[in-house]
Structure formats: structure tokens, C-alpha cells
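Let me begin by presenting the structure, written as C-alpha cells, before commenting on it.
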Amino acid sequence: MRTLSYAASYAAAPLAAGLILAAGQAGAVTVVLGGGLSVECYSTAENGDPNEAFEVCTRALRDPNMTVRDRAATYINRSVIRLRVRDYNGAVGDAAQAITRWPSLSEAYVNRGAALINLNRPRDALRELDQAIGMGMDKVHLAYYNRAMAKEMVEDVRGAYGDLRRVVELQPNYTLATEQLKRFQIVNGQMMMMPMPAR
């Protein structure tokens with residue numbers, strides 16, 4: 001059985017702790033329409049044991065009878081698992097595999113954006129997240145949340161604030177966004193974003 005190892009160090013970024021949490025909780029899974037291991041991959045990607053879920057998804061991808069769309073969705077779901085264990089390069093790769101196979105699944109762009117944020121590549125992440133938002137998706141608040149984190153990294157404070165407000169409009173109980181919004185203050189007539197409190 002192949003196991004995933006957890007990264008020993010975190011990406012150096014202004015909100016490293018918040019970004020890592022965001023990537024783990026703001027990844028997007030995609031429903032698989034077929035059956036078998038690909039459905040099990042989907043059901044365990046967000047909350048199952050990551051090593052077990054990774055193994056299930058990898059075995060599912062070996063199925064020669066899987067439809068192209070379900071293969072793309074399975075790559076998206078495996079990218080969520082990679083985000084959970086901080087394998088950001090692997091998440092980028094799995095999202096790219098999904099996009100190559102079925103470019104209209106916007107969740108792949110959200111997951112690649114989340115991984116790029118954690119690889120300290122916010123400008124690349126912004127392109128991915130803009131693409132996902134433009135395409136539309138069921139959980140578009142995840143794209144807005146991740147885009148807010150990328151905007152903060154490039155010092156677009158107003159843009160980050162606007163995206164976080166949009167998240168709360170779409171999902172009023174999304175606590176990651178409501179907690180981030182508490183960090184905004186007006187100081188001397190300018191919007192400022194206060195540092196994350198130490199955990």
C-alpha cells in the first residue's frame with residue numbers, strides 16, 4: 001500500500017497558517033457519475049483517512065472502463081486528498097490531469113488555485129480561480145475564498161475584502177470567511193488587514 005507523507009515545512013507566505021487551513025478545507029470535490037472505486041474515492045476524498053482515500057482513488061484511476069468525465073472527476077477528488085496532506089505539487093498535477101481530460105469541471109481550477117497559493121504562486125492561483133469563478137460551480141464560495149487569500153498575498157486588500165464579503169453572501173455560515181473578515185479595519189482612512197492571531 002502506498003502512503004502519503006505529510007510535508008515537514010510550510011510555504012512561506014503572509015498567512016501561512018490560514019492558507020494551509022484554507023487549502024485543506026476549501027478544496028472542491030466532484031461527483032462521480034459511474035460506480036465502483038471512483039464513487040468510493042469521491043465519498044472519502046474530503047473526510048476519509050487520506051492514505052486510504054488516496055489508495056482508493058489511485059486504484060480507481062486504473063479502471064480501463066471508466067468514462068473520461070469520471071476519470072477527470074477522480075483526479076479532482078485525488079487532488080483534494082493531496083491538498084489535505086499538503087502535497088501541493090501533486091495536487092497541481094492531478095488538477096492538470098483533470099483539466100486535460102474534461103476542461104469544463106471548474107473544481108479542478110479551484111484545487112489547482114489552492115495548491116498554487118500554498119506554493120507561494122498567488123498570481124498563478126488568481127488566474128485559476130478567476131477561471132473557476134467565470135465558469136460557475138455549485139460551491140463557488142470556495143473559489144472566492146481562495147481568491148481572497150491569493151489577493152491578500154499580492155497586497156490587494158480591497159479585493160480580498162470584496163471576495164470574503166462575497167463568500168459570506170453566498171454561504172453565511174462559512175466560518176473561515178467570517179473569521180478572516182474580522183481582520184479588516186479602517187486605519188487613517190485606509191483599509192488594512194491585520195495579521196492572523198497566533199494559534
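Chain lettering (A, B, ...) mirrors the order of the C-alpha cells, residue numbering begins at 1 for each chain separately, and ligand numbering begins at 1 in order of display.
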
Write out as a compact mmCIF listing (two decimals) with C-alpha atoms, in the first residue's frame the residues lying within 7 Å of A:Ala114, counting only C-alpha atoms and excluding same-chain residues fewer than 3 positions away.
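Everything below was put into around-v6.txt:
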# COMPACT_ATOMS: atom_id res chain seq x y z
CA ALA A 23 -6.43 24.62 1.17
CA VAL A 110 -10.21 25.75 -7.65
CA ASN A 111 -7.99 22.94 -6.42
CA ILE A 117 -1.44 29.60 -3.16
CA ASN A 118 0.37 27.18 -0.88
CA ALA A 125 -3.52 30.99 -8.44
CA ASN A 146 -9.19 31.00 -2.13

**OP:** Considering only C-alpha atoms, state which residue in the set A:Phe184, A:Trp102, A:Tyr109, A:Tyr174 is at the smallest distance from A:Gly162.
**Re:**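 Comparing A:Phe184, A:Trp102, A:Tyr109, A:Tyr174 against A:Gly162, the winner is A:Phe184.
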
For A:Asp94, work out the shell of residues within 8 Å, counting only C-alpha atoms and skipping chain neighbours fewer than 4 positions away, then give it as an mmCIF file with N, CA and C atoms, in the first residue's frame.
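This is the output file out.cif:
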data_model
loop_
_atom_site.group_PDB
_atom_site.id
_atom_site.type_symbol
_atom_site.label_atom_id
_atom_site.label_comp_id
_atom_site.auth_asym_id
_atom_site.auth_seq_id
_atom_site.Cartn_x
_atom_site.Cartn_y
_atom_site.Cartn_z
ATOM 1 N N TYR A 75 -9.540 12.412 -10.671
ATOM 2 C CA TYR A 75 -8.315 13.200 -10.489
ATOM 3 C C TYR A 75 -8.581 14.420 -9.609
ATOM 4 N N ILE A 76 -9.726 15.065 -9.803
ATOM 5 C CA ILE A 76 -10.078 16.209 -8.955
ATOM 6 C C ILE A 76 -10.186 15.764 -7.497
ATOM 7 N N ARG A 78 -8.808 13.192 -6.083
ATOM 8 C CA ARG A 78 -7.495 12.852 -5.541
ATOM 9 C C ARG A 78 -6.691 14.114 -5.250
ATOM 10 N N SER A 79 -6.921 15.178 -6.038
ATOM 11 C CA SER A 79 -6.211 16.438 -5.751
ATOM 12 C C SER A 79 -6.642 17.005 -4.396
ATOM 13 N N GLY A 90 1.691 17.660 -6.111
ATOM 14 C CA GLY A 90 0.845 16.556 -6.557
ATOM 15 C C GLY A 90 -0.574 17.018 -6.848
ATOM 16 N N ALA A 98 -6.997 16.376 -14.658
ATOM 17 C CA ALA A 98 -8.448 16.533 -14.788
ATOM 18 C C ALA A 98 -8.790 17.530 -15.885
#

Original post:
Quick one: residues within 7 Å of A:Ala91, only C-alpha atoms counted, chain neighbours fewer than 6 positions away excluded, as a ChimeraX atom specification?
Top reply: /A:79,82-83,112,115

Original post:
Just asking: which residues within stretch 75-161 of chain A are helix (DSSP H, G or I) according to DSSP, as JSON, numbers by chain?
Top reply: {"A": [75, 76, 77, 78, 79, 80, 81, 82, 83, 84, 88, 89, 90, 91, 92, 93, 94, 95, 96, 97, 98, 99, 100, 101, 106, 107, 108, 109, 110, 111, 112, 113, 114, 115, 116, 117, 118, 122, 123, 124, 125, 126, 127, 128, 129, 130, 131, 132, 133, 134, 135, 140, 141, 142, 143, 144, 145, 146, 147, 148, 149, 150, 151, 152, 153, 157, 158, 159, 160, 161]}

Original post:
Nearest to A:Tyr145: which of A:Glu179, A:Glu128, A:Asp163, A:Glu169 is it, counting only C-alpha atoms?
Top reply: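 Ranking A:Glu179, A:Glu128, A:Asp163, A:Glu169 by distance to A:Tyr145, first place goes to A:Asp163.
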
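The closest residue to A:Arg166, picked from A:Leu142, A:Val154, A:Met196, A:Met191 and counting only C-alpha atoms, is A:Leu142.
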
**OP:** Per DSSP on the backbone, filter stretch 111-194 of chain A down to the residues in strand (DSSP E) and report them as a PyMOL selection string.
**Re:** chain A and resi 184-187+190-193

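Interatomic distance, atom CA of A:Met194 to atom CA of A:Gly134: 29.5 Å.
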
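With distances taken over only C-alpha atoms, A:Arg84 is the one residue among A:Asn188, A:Gln171, A:Arg71, A:Arg84 lying closest to A:Asn51.
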
Subject >> Contacts of A:Ala150 at 12 Å (only C-alpha atoms; same-chain gap of 3+ positions) as a VMD selection string >> reply: chain A and resid 13 to 16 18 to 19 22 to 23 110 113 to 130 143 to 147 153 to 157 159 to 161 163 to 164

**OP:** Pick out the closest residue to A:Ala73 from this set: A:Gly48, A:Pro103, A:Pro197, A:Gly189. Count only C-alpha atoms.
**Re:**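 That would be A:Pro103, the residue with the smallest distance to A:Ala73.
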
Original post:
Residues at most 6 Å from stretch 35-45 of chain A, counting only C-alpha atoms, excluding those fewer than 4 positions away in the same chain, as JSON, numbers by chain?
Top reply: {"A": [53, 56, 57, 60, 77, 81]}

For the selection just defined, write its residues with N, CA and C atoms to a file, as a compact mmCIF listing (two decimals), in the first residue's frame.
# COMPACT_ATOMS: atom_id res chain seq x y z
N ALA A 53 -7.90 6.90 1.30
CA ALA A 53 -8.62 7.55 0.21
C ALA A 53 -7.72 7.68 -1.02
N VAL A 56 -7.53 4.33 -2.71
CA VAL A 56 -8.78 4.02 -3.41
C VAL A 56 -8.85 4.79 -4.73
N CYS A 57 -8.52 6.07 -4.68
CA CYS A 57 -8.57 6.89 -5.90
C CYS A 57 -7.56 6.41 -6.94
N ALA A 60 -8.86 3.34 -8.49
CA ALA A 60 -9.97 3.68 -9.38
C ALA A 60 -9.46 4.19 -10.73
N ASN A 77 -10.86 14.66 -7.27
CA ASN A 77 -11.04 14.17 -5.89
C ASN A 77 -9.70 13.78 -5.27
N ILE A 81 -7.39 15.22 -1.78
CA ILE A 81 -6.62 14.43 -0.80
C ILE A 81 -5.20 14.96 -0.72

Subject >> Pick from A:Gln190, A:Thr175, A:Gln180, A:Gln131, whichever lies nearest to A:Ala148 using only C-alpha atoms >> reply: A:Gln180
